[in-house]
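Structure file target10.cif (mmCIF, C-alpha atoms) is printed below.
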```
data_structure
#
loop_
_atom_site.label_atom_id
_atom_site.label_comp_id
_atom_site.auth_asym_id
_atom_site.auth_seq_id
_atom_site.Cartn_x
_atom_site.Cartn_y
_atom_site.Cartn_z
CA MET A 1 -1.72 21.13 -29.22
CA ILE A 2 -0.04 18.26 -27.39
CA HIS A 3 -1.82 14.97 -26.70
CA ILE A 4 -1.04 12.89 -23.60
CA HIS A 5 -1.96 9.21 -23.72
CA ASN A 6 -1.14 7.69 -20.33
CA LYS A 7 -3.42 5.50 -18.22
CA ASN A 8 -1.62 6.72 -15.08
CA PHE A 9 -2.46 10.39 -15.69
CA ASN A 10 -5.71 11.79 -14.33
CA LEU A 11 -6.02 15.54 -13.74
CA ALA A 12 -9.09 15.25 -11.53
CA GLN A 13 -7.20 12.92 -9.20
CA ILE A 14 -4.05 15.04 -9.22
CA MET A 15 -6.06 18.18 -8.48
CA ASP A 16 -7.70 16.61 -5.41
CA SER A 17 -4.64 14.81 -4.08
CA GLY A 18 -3.48 17.68 -1.87
CA GLN A 19 -0.22 18.44 -3.67
CA CYS A 20 -1.17 21.39 -5.92
CA PHE A 21 -3.53 24.30 -5.40
CA ARG A 22 -3.34 26.31 -8.62
CA MET A 23 -5.11 23.76 -10.79
CA ASN A 24 -8.77 24.58 -11.48
CA GLN A 25 -11.53 22.74 -13.29
CA VAL A 26 -13.17 25.56 -15.29
CA LYS A 27 -15.82 23.37 -16.96
CA PRO A 28 -16.41 19.63 -17.35
CA GLU A 29 -13.14 18.01 -18.46
CA VAL A 30 -11.37 21.35 -18.89
CA TYR A 31 -8.60 22.47 -16.53
CA ASP A 32 -6.48 25.57 -16.08
CA ILE A 33 -3.05 24.84 -14.59
CA TYR A 34 -0.77 27.55 -13.18
CA ALA A 35 2.74 26.69 -12.08
CA SER A 36 5.35 29.26 -11.10
CA ASP A 37 5.04 31.77 -13.98
CA ARG A 38 3.52 29.28 -16.46
CA TYR A 39 -0.05 28.54 -17.53
CA VAL A 40 -1.70 25.92 -19.71
CA ARG A 41 -5.28 24.87 -20.44
CA ILE A 42 -5.88 21.12 -20.71
CA ARG A 43 -8.93 19.32 -22.09
CA LYS A 44 -9.82 15.69 -21.58
CA ASP A 45 -11.12 13.73 -24.54
CA SER A 46 -11.85 10.08 -25.24
CA GLU A 47 -8.19 9.31 -25.90
CA GLY A 48 -6.43 11.28 -23.19
CA TYR A 49 -5.63 14.93 -22.55
CA MET A 50 -4.98 17.79 -24.96
CA LEU A 51 -2.57 20.51 -23.78
CA ASP A 52 -3.08 23.92 -25.36
CA CYS A 53 0.62 24.61 -25.87
CA ASP A 54 3.28 24.03 -28.50
CA GLN A 55 5.90 21.30 -28.53
CA SER A 56 8.61 23.65 -27.26
CA ALA A 57 6.65 24.66 -24.14
CA PHE A 58 5.75 21.05 -23.50
CA ASP A 59 9.34 19.83 -23.83
CA ARG A 60 10.81 22.68 -21.80
CA PHE A 61 8.36 22.64 -18.92
CA TRP A 62 5.16 20.59 -18.85
CA LYS A 63 6.61 17.18 -19.62
CA ASN A 64 8.87 17.47 -16.61
CA TYR A 65 6.21 19.17 -14.46
CA PHE A 66 3.86 16.19 -14.86
CA ASP A 67 6.76 13.72 -14.44
CA LEU A 68 5.72 12.05 -17.67
CA GLU A 69 8.93 10.13 -18.22
CA THR A 70 8.41 8.07 -15.04
CA ASP A 71 6.65 4.69 -15.23
CA TYR A 72 3.98 4.90 -12.49
CA ALA A 73 2.50 1.54 -13.49
CA SER A 74 5.68 -0.10 -12.20
CA TYR A 75 5.12 1.47 -8.78
CA ILE A 76 1.60 0.09 -8.61
CA GLN A 77 2.80 -3.33 -9.70
CA ALA A 78 5.33 -3.32 -6.84
CA ILE A 79 2.63 -3.02 -4.16
CA ASP A 80 2.29 -6.07 -1.93
CA PRO A 81 -0.65 -8.00 -3.44
CA GLU A 82 -1.59 -9.23 0.03
CA ASP A 83 -2.13 -5.64 1.15
CA THR A 84 -5.69 -5.41 -0.12
CA TYR A 85 -6.31 -1.92 1.29
CA LEU A 86 -3.27 -0.36 -0.37
CA SER A 87 -3.90 -2.25 -3.61
CA ALA A 88 -7.43 -0.84 -3.68
CA ALA A 89 -6.17 2.66 -2.88
CA ALA A 90 -3.61 2.53 -5.69
CA ALA A 91 -6.16 1.20 -8.16
CA TYR A 92 -8.59 3.96 -7.22
CA GLY A 93 -5.99 6.75 -7.47
CA SER A 94 -3.94 5.23 -10.29
CA GLY A 95 -3.92 8.53 -12.20
CA ILE A 96 -2.07 10.42 -9.48
CA ARG A 97 1.48 11.53 -10.27
CA ILE A 98 3.94 13.40 -8.07
CA LEU A 99 4.29 16.74 -9.83
CA ARG A 100 7.69 18.39 -10.15
CA GLN A 101 6.77 21.76 -8.69
CA ASP A 102 8.80 24.85 -7.87
CA LEU A 103 10.54 24.75 -4.48
CA TRP A 104 9.68 28.34 -3.51
CA GLU A 105 6.03 27.89 -4.45
CA MET A 106 5.83 24.71 -2.39
CA ILE A 107 7.44 26.32 0.65
CA ILE A 108 4.81 29.04 0.73
CA THR A 109 1.99 26.68 -0.26
CA PHE A 110 2.61 24.30 2.61
CA LEU A 111 3.13 27.08 5.12
CA ILE A 112 -0.39 28.14 4.14
CA SER A 113 -1.67 24.55 4.27
CA GLN A 114 -1.31 24.27 8.04
CA GLN A 115 -4.64 23.86 9.87
CA ASN A 116 -6.38 24.50 6.57
CA ASN A 117 -8.49 22.67 3.98
CA ILE A 118 -8.06 22.42 0.22
CA VAL A 119 -10.70 25.04 -0.65
CA ARG A 120 -9.29 27.63 1.77
CA ILE A 121 -5.71 26.92 0.71
CA ARG A 122 -6.65 27.58 -2.92
CA GLY A 123 -8.32 30.84 -1.91
CA CYS A 124 -5.30 32.01 0.09
CA ILE A 125 -2.91 31.26 -2.76
CA GLN A 126 -5.18 32.93 -5.32
CA ARG A 127 -5.30 36.13 -3.24
CA LEU A 128 -1.54 36.03 -2.78
CA CYS A 129 -1.01 35.74 -6.54
CA GLU A 130 -3.56 38.44 -7.37
CA HIS A 131 -1.89 40.96 -5.04
CA TYR A 132 1.81 40.12 -5.43
CA GLY A 133 2.24 37.98 -8.54
CA ALA A 134 3.67 39.47 -11.73
CA LEU A 135 1.26 39.96 -14.62
CA CYS A 136 1.93 37.45 -17.41
CA THR A 137 0.58 36.86 -20.90
CA ASP A 138 0.80 33.55 -22.73
CA SER A 139 1.22 33.02 -26.48
CA SER A 140 -2.55 33.05 -27.04
CA GLY A 141 -2.99 36.35 -25.22
CA SER A 142 -4.39 34.94 -21.97
CA VAL A 143 -3.46 37.13 -19.00
CA TYR A 144 -2.71 35.60 -15.61
CA ARG A 145 -0.65 36.08 -12.47
CA ALA A 146 2.60 34.31 -11.68
CA PHE A 147 3.32 32.99 -8.22
CA PRO A 148 4.83 35.84 -6.14
CA THR A 149 8.63 35.96 -5.92
CA PRO A 150 10.47 35.97 -2.58
CA GLU A 151 11.29 39.64 -3.17
CA ALA A 152 7.61 40.53 -3.68
CA LEU A 153 6.52 38.81 -0.48
CA ALA A 154 9.48 40.08 1.55
CA GLY A 155 8.54 43.61 0.50
CA ALA A 156 4.86 43.16 1.39
CA GLY A 157 5.31 42.84 5.15
CA GLU A 158 3.37 40.80 7.69
CA ASP A 159 0.59 43.35 8.22
CA ALA A 160 -0.24 43.54 4.51
CA LEU A 161 -0.24 39.76 4.23
CA ARG A 162 -2.75 39.53 7.08
CA THR A 163 -5.24 41.56 5.02
CA LEU A 164 -5.35 38.58 2.61
CA ARG A 165 -6.87 36.45 5.41
CA LEU A 166 -3.74 34.37 5.86
CA GLY A 167 -3.93 34.62 9.66
CA TYR A 168 -0.94 33.54 11.73
CA ARG A 169 0.65 32.13 8.58
CA SER A 170 1.40 35.72 7.54
CA LYS A 171 4.27 35.76 10.02
CA TYR A 172 5.69 32.53 8.61
CA ILE A 173 5.51 33.80 5.03
CA ASP A 174 7.06 37.16 5.92
CA LYS A 175 9.98 35.64 7.83
CA THR A 176 10.55 32.94 5.22
CA ALA A 177 10.58 35.42 2.33
CA LYS A 178 13.08 37.58 4.18
CA ALA A 179 15.25 34.56 4.98
CA VAL A 180 15.39 33.71 1.27
CA THR A 181 16.02 37.26 0.02
CA SER A 182 18.70 37.88 2.65
CA GLY A 183 20.54 34.69 1.73
CA ALA A 184 20.01 33.15 5.16
CA PHE A 185 18.17 30.31 3.40
CA ASP A 186 19.75 29.22 0.12
CA MET A 187 17.14 27.44 -2.00
CA ALA A 188 19.65 26.49 -4.69
CA ALA A 189 21.87 24.80 -2.11
CA VAL A 190 18.94 23.02 -0.46
CA SER A 191 17.74 21.74 -3.83
CA ARG A 192 21.04 19.86 -4.19
CA LEU A 193 20.81 18.14 -0.80
CA PRO A 194 19.68 14.55 -0.28
CA TYR A 195 16.30 14.05 1.35
CA LYS A 196 17.19 13.92 5.04
CA GLU A 197 19.53 16.91 4.86
CA ALA A 198 17.04 18.95 2.83
CA ARG A 199 14.31 18.08 5.33
CA GLN A 200 16.44 19.29 8.22
CA ALA A 201 17.31 22.52 6.43
CA LEU A 202 13.63 23.22 5.77
CA ILE A 203 12.73 22.66 9.41
CA GLY A 204 14.96 25.64 10.17
CA LEU A 205 12.46 27.95 8.44
CA CYS A 206 9.87 29.78 10.53
CA GLY A 207 6.70 27.71 10.78
CA VAL A 208 8.06 24.57 9.12
CA GLY A 209 7.68 21.39 11.14
CA GLU A 210 8.32 17.78 10.18
CA LYS A 211 5.10 17.24 8.22
CA VAL A 212 5.39 20.50 6.25
CA ALA A 213 9.07 19.79 5.56
CA ASP A 214 8.14 16.36 4.18
CA CYS A 215 5.46 17.89 1.95
CA ILE A 216 7.96 20.40 0.58
CA CYS A 217 10.55 17.66 0.05
CA LEU A 218 8.04 15.49 -1.80
CA PHE A 219 6.27 18.10 -3.91
CA GLY A 220 8.96 20.78 -4.27
CA LEU A 221 12.13 18.68 -4.43
CA HIS A 222 10.68 15.41 -5.73
CA HIS A 223 12.22 13.40 -2.90
CA MET A 224 9.92 10.43 -3.42
CA GLU A 225 11.07 8.82 -0.18
CA ALA A 226 9.34 11.54 1.85
CA PHE A 227 6.17 10.24 3.52
CA PRO A 228 4.25 13.15 5.10
CA VAL A 229 2.29 12.10 8.16
CA ASP A 230 -0.32 14.40 9.64
CA THR A 231 -3.23 13.65 11.99
CA HIS A 232 -5.35 12.51 9.06
CA ILE A 233 -2.81 10.02 7.69
CA ARG A 234 -1.96 8.82 11.19
CA LYS A 235 -5.62 7.95 11.81
CA VAL A 236 -5.87 6.03 8.54
CA LEU A 237 -2.71 4.05 9.27
CA SER A 238 -3.93 3.32 12.78
CA LYS A 239 -7.30 2.10 11.49
CA GLN A 240 -6.03 0.07 8.55
CA TYR A 241 -2.64 -1.12 9.83
CA ASN A 242 -2.84 -0.83 13.62
CA GLY A 243 -0.17 1.86 13.41
CA SER A 244 2.43 -0.50 11.94
CA PHE A 245 2.45 0.44 8.25
CA LYS A 246 5.90 -0.25 6.76
CA ALA A 247 6.45 2.59 4.30
CA ASP A 248 10.10 1.56 3.81
CA ARG A 249 8.90 -1.50 1.93
CA TYR A 250 8.28 0.93 -0.94
CA GLN A 251 11.74 2.42 -1.01
CA GLY A 252 12.04 5.27 -3.47
CA PHE A 253 8.32 5.90 -3.88
CA GLN A 254 6.95 6.13 -0.33
CA GLY A 255 5.53 9.56 -1.12
CA LEU A 256 3.40 8.19 -3.94
CA ILE A 257 2.07 5.53 -1.58
CA GLN A 258 1.12 8.29 0.84
CA GLN A 259 -0.79 10.05 -1.93
CA TYR A 260 -2.76 6.92 -2.79
CA ILE A 261 -3.75 6.52 0.87
CA PHE A 262 -4.57 10.22 1.29
CA TYR A 263 -6.71 10.43 -1.85
CA TYR A 264 -8.53 7.16 -1.19
CA ASP A 265 -9.50 8.20 2.31
CA LEU A 266 -10.27 11.79 1.28
CA LYS A 267 -12.89 10.49 -1.13
CA GLY A 268 -14.61 8.60 1.66
CA LEU A 269 -13.63 5.12 0.52
CA SER A 270 -12.08 3.81 3.72
CA TYR A 271 -14.70 1.12 4.19
CA GLY A 272 -13.95 -2.35 5.40
CA ILE A 273 -11.35 -4.22 3.38
CA SER A 274 -13.92 -6.37 1.56
CA ASP A 275 -15.83 -3.28 0.41
CA ALA A 276 -12.74 -1.27 -0.49
CA ILE A 277 -11.29 -3.76 -2.94
CA SER A 278 -14.47 -3.73 -5.04
CA VAL A 279 -14.41 0.01 -5.68
CA LYS A 280 -13.58 1.07 -9.24
CA ALA A 281 -11.31 3.98 -10.06
CA PRO A 282 -13.05 7.18 -11.21
CA SER A 283 -12.76 8.08 -14.90
#
```

Could I get this structure in the form of structure tokens?
Amino acid sequence: MIHIHNKNFNLAQIMDSGQCFRMNQVKPEVYDIYASDRYVRIRKDSEGYMLDCDQSAFDRFWKNYFDLETDYASYIQAIDPEDTYLSAAAAYGSGIRILRQDLWEMIITFLISQQNNIVRIRGCIQRLCEHYGALCTDSSGSVYRAFPTPEALAGAGEDALRTLRLGYRSKYIDKTAKAVTSGAFDMAAVSRLPYKEARQALIGLCGVGEKVADCICLFGLHHMEAFPVDTHIRKVLSKQYNGSFKADRYQGFQGLIQQYIFYYDLKGLSYGISDAISVKAPS
């Protein structure tokens, strides 16, 4: 068992922040996390979180996955104190971290995310894993499904994907999987590109627009300068900042700022400024 003591680590907040869809709360304060072909169960206690894995698995994968070597408190401290809305949002979502997730998984995840909500996205991904993910067994004997490989999805075909209730996104997934397996899209090469070049390369994939490309850059390549803007975020920025929010003020962690805003508004806490700053962060 591994114990995490970090005041800027909250699984409930991370799970609802719109960046990962294979994290499930199975009972109060108990979470199952699936990432690529890995799985871990995590329990919250009075001192932090207990990971049901050994030190080797933690050091090789989960420490990096949760970005635990980054000081998120320093990001919060860098927020303009005169920006009362953003300060309240960061305080409320202070346990959010930008996970270091697999690029392929994030490409497919955010193709599915289009015109979708969190519950439906989770369902789509679960069905995809159940039908096309490899069967895995962890050290304790728990059996689970890995995220499907490009080869598995390329071999499935658009028609079969549609039976999983993926809708028009089936075409995007089919074409993207075939682009990867044929070598037309080189994920290894894209992973080495700086943000703007990686973003442009991703936009070349079927079904990937600017917002989806930014989500993939932020959550699949850890380009923290990516600031995904969809209709929802645009409305919040218009309401709170008259459309003139200066994300570049937070150079190098704009994406985290976006997550604070997204999560704060998602939880229905976009009141007036005077109300917002009095709201306490959830435990």

* To do: Might you pull out every residue within 8 Å of segment 178-185 of chain A, with all atoms listed in the file counted and same-chain residues fewer than 6 positions away left off, and present them as a count of residues only?
  => 4

Per residue of segment 84-152 of chain A within 12 Å of segment 252-260 of chain A, what are the shortest atom pair and its distance in Å to one decimal, counting all atoms listed in the file, with rows by chain and residue number, as JSON lines?
```
{"residue": "A:Tyr85", "atom": "CA", "partner": "A:Tyr260", "partner_atom": "CA", "distance": 10.4}
{"residue": "A:Leu86", "atom": "CA", "partner": "A:Tyr260", "partner_atom": "CA", "distance": 7.7}
{"residue": "A:Ser87", "atom": "CA", "partner": "A:Tyr260", "partner_atom": "CA", "distance": 9.3}
{"residue": "A:Ala88", "atom": "CA", "partner": "A:Tyr260", "partner_atom": "CA", "distance": 9.1}
{"residue": "A:Ala89", "atom": "CA", "partner": "A:Tyr260", "partner_atom": "CA", "distance": 5.5}
{"residue": "A:Ala90", "atom": "CA", "partner": "A:Tyr260", "partner_atom": "CA", "distance": 5.3}
{"residue": "A:Ala91", "atom": "CA", "partner": "A:Tyr260", "partner_atom": "CA", "distance": 8.6}
{"residue": "A:Tyr92", "atom": "CA", "partner": "A:Tyr260", "partner_atom": "CA", "distance": 7.9}
{"residue": "A:Gly93", "atom": "CA", "partner": "A:Tyr260", "partner_atom": "CA", "distance": 5.7}
{"residue": "A:Ser94", "atom": "CA", "partner": "A:Tyr260", "partner_atom": "CA", "distance": 7.8}
{"residue": "A:Gly95", "atom": "CA", "partner": "A:Tyr260", "partner_atom": "CA", "distance": 9.6}
{"residue": "A:Ile96", "atom": "CA", "partner": "A:Tyr260", "partner_atom": "CA", "distance": 7.6}
{"residue": "A:Arg97", "atom": "CA", "partner": "A:Leu256", "partner_atom": "CA", "distance": 7.4}
{"residue": "A:Ile98", "atom": "CA", "partner": "A:Leu256", "partner_atom": "CA", "distance": 6.7}
{"residue": "A:Leu99", "atom": "CA", "partner": "A:Leu256", "partner_atom": "CA", "distance": 10.4}
```

* Asked: What's the 8 Å shell around segment 108-125 of chain A, counting only C-alpha atoms, without same-chain residues fewer than 2 positions away, as a ChimeraX atom specification?
  -> /A:18,21-22,104-106,127-129,164-166,169,172-173,207-208,212,215-216

Please provide the set of residues having any atom within 8 Å of Tyr195 of chain A, restricted to all atoms listed in the file, with same-chain residues fewer than 4 positions apart removed, written as a PDB file with C-alpha atoms, keeping the file's coordinate frame.
```
ATOM      1  CA  ARG A 199      14.310  18.080   5.330  1.00  0.00           C
ATOM      2  CA  CYS A 217      10.550  17.660   0.050  1.00  0.00           C
ATOM      3  CA  HIS A 223      12.220  13.400  -2.900  1.00  0.00           C
ATOM      4  CA  GLU A 225      11.070   8.820  -0.180  1.00  0.00           C
ATOM      5  CA  ALA A 226       9.340  11.540   1.850  1.00  0.00           C
TER       6      ALA A 226
END
```

* Asked: Expressed in Å to a single decimal, how great is the separation between atom CA of Arg43 of chain A and atom CA of Val30 of chain A?
  ->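 Straight-line distance from atom CA of Arg43 of chain A to atom CA of Val30 of chain A works out to 4.5 Å.
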
* Asked: Mind telling me what the PyMOL selection byres ((chain A and resi 157) around 12) catches here, as a VMD selection string?
  -> chain A and resid 132 150 to 156 158 to 164 170 to 178

* Separation of atom CA of Cys206 of chain A from atom CA of Ala134 of chain A, in Å and rounded to one decimal -> 25.1 Å

* Asked: Interatomic distance between atom CA of Asn10 of chain A and atom CA of Gly48 of chain A?
  ->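 Answer for the atom CA of Asn10 of chain A to atom CA of Gly48 of chain A separation: 8.9 Å.
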
* **Selected residue of minimal separation from Ala213 of chain A among A:Phe227, A:Tyr49, A:Tyr144, A:Tyr72, counting all atoms listed in the file** =>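 Nearest candidate to Ala213 of chain A out of A:Phe227, A:Tyr49, A:Tyr144, A:Tyr72: A:Phe227.
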
* Shortest interatomic distance to Gly209 of chain A - which of A:Ala78, A:Met50, A:Val229, A:Met23, counting all atoms listed in the file -> A:Val229

* Counting all atoms listed in the file, what is within 12 Å of Ser46 of chain A, bar same-chain residues fewer than 6 positions away, as an MDAnalysis selection string? -> chainID A and resid 3:5 7 29 283

* Evaluating the PyMOL selection byres ((chain A and resi 143) around 12) on the displayed file yields which residues, as a PyMOL selection string? -> chain A and resi 34+37-40+130+133-142+144-146
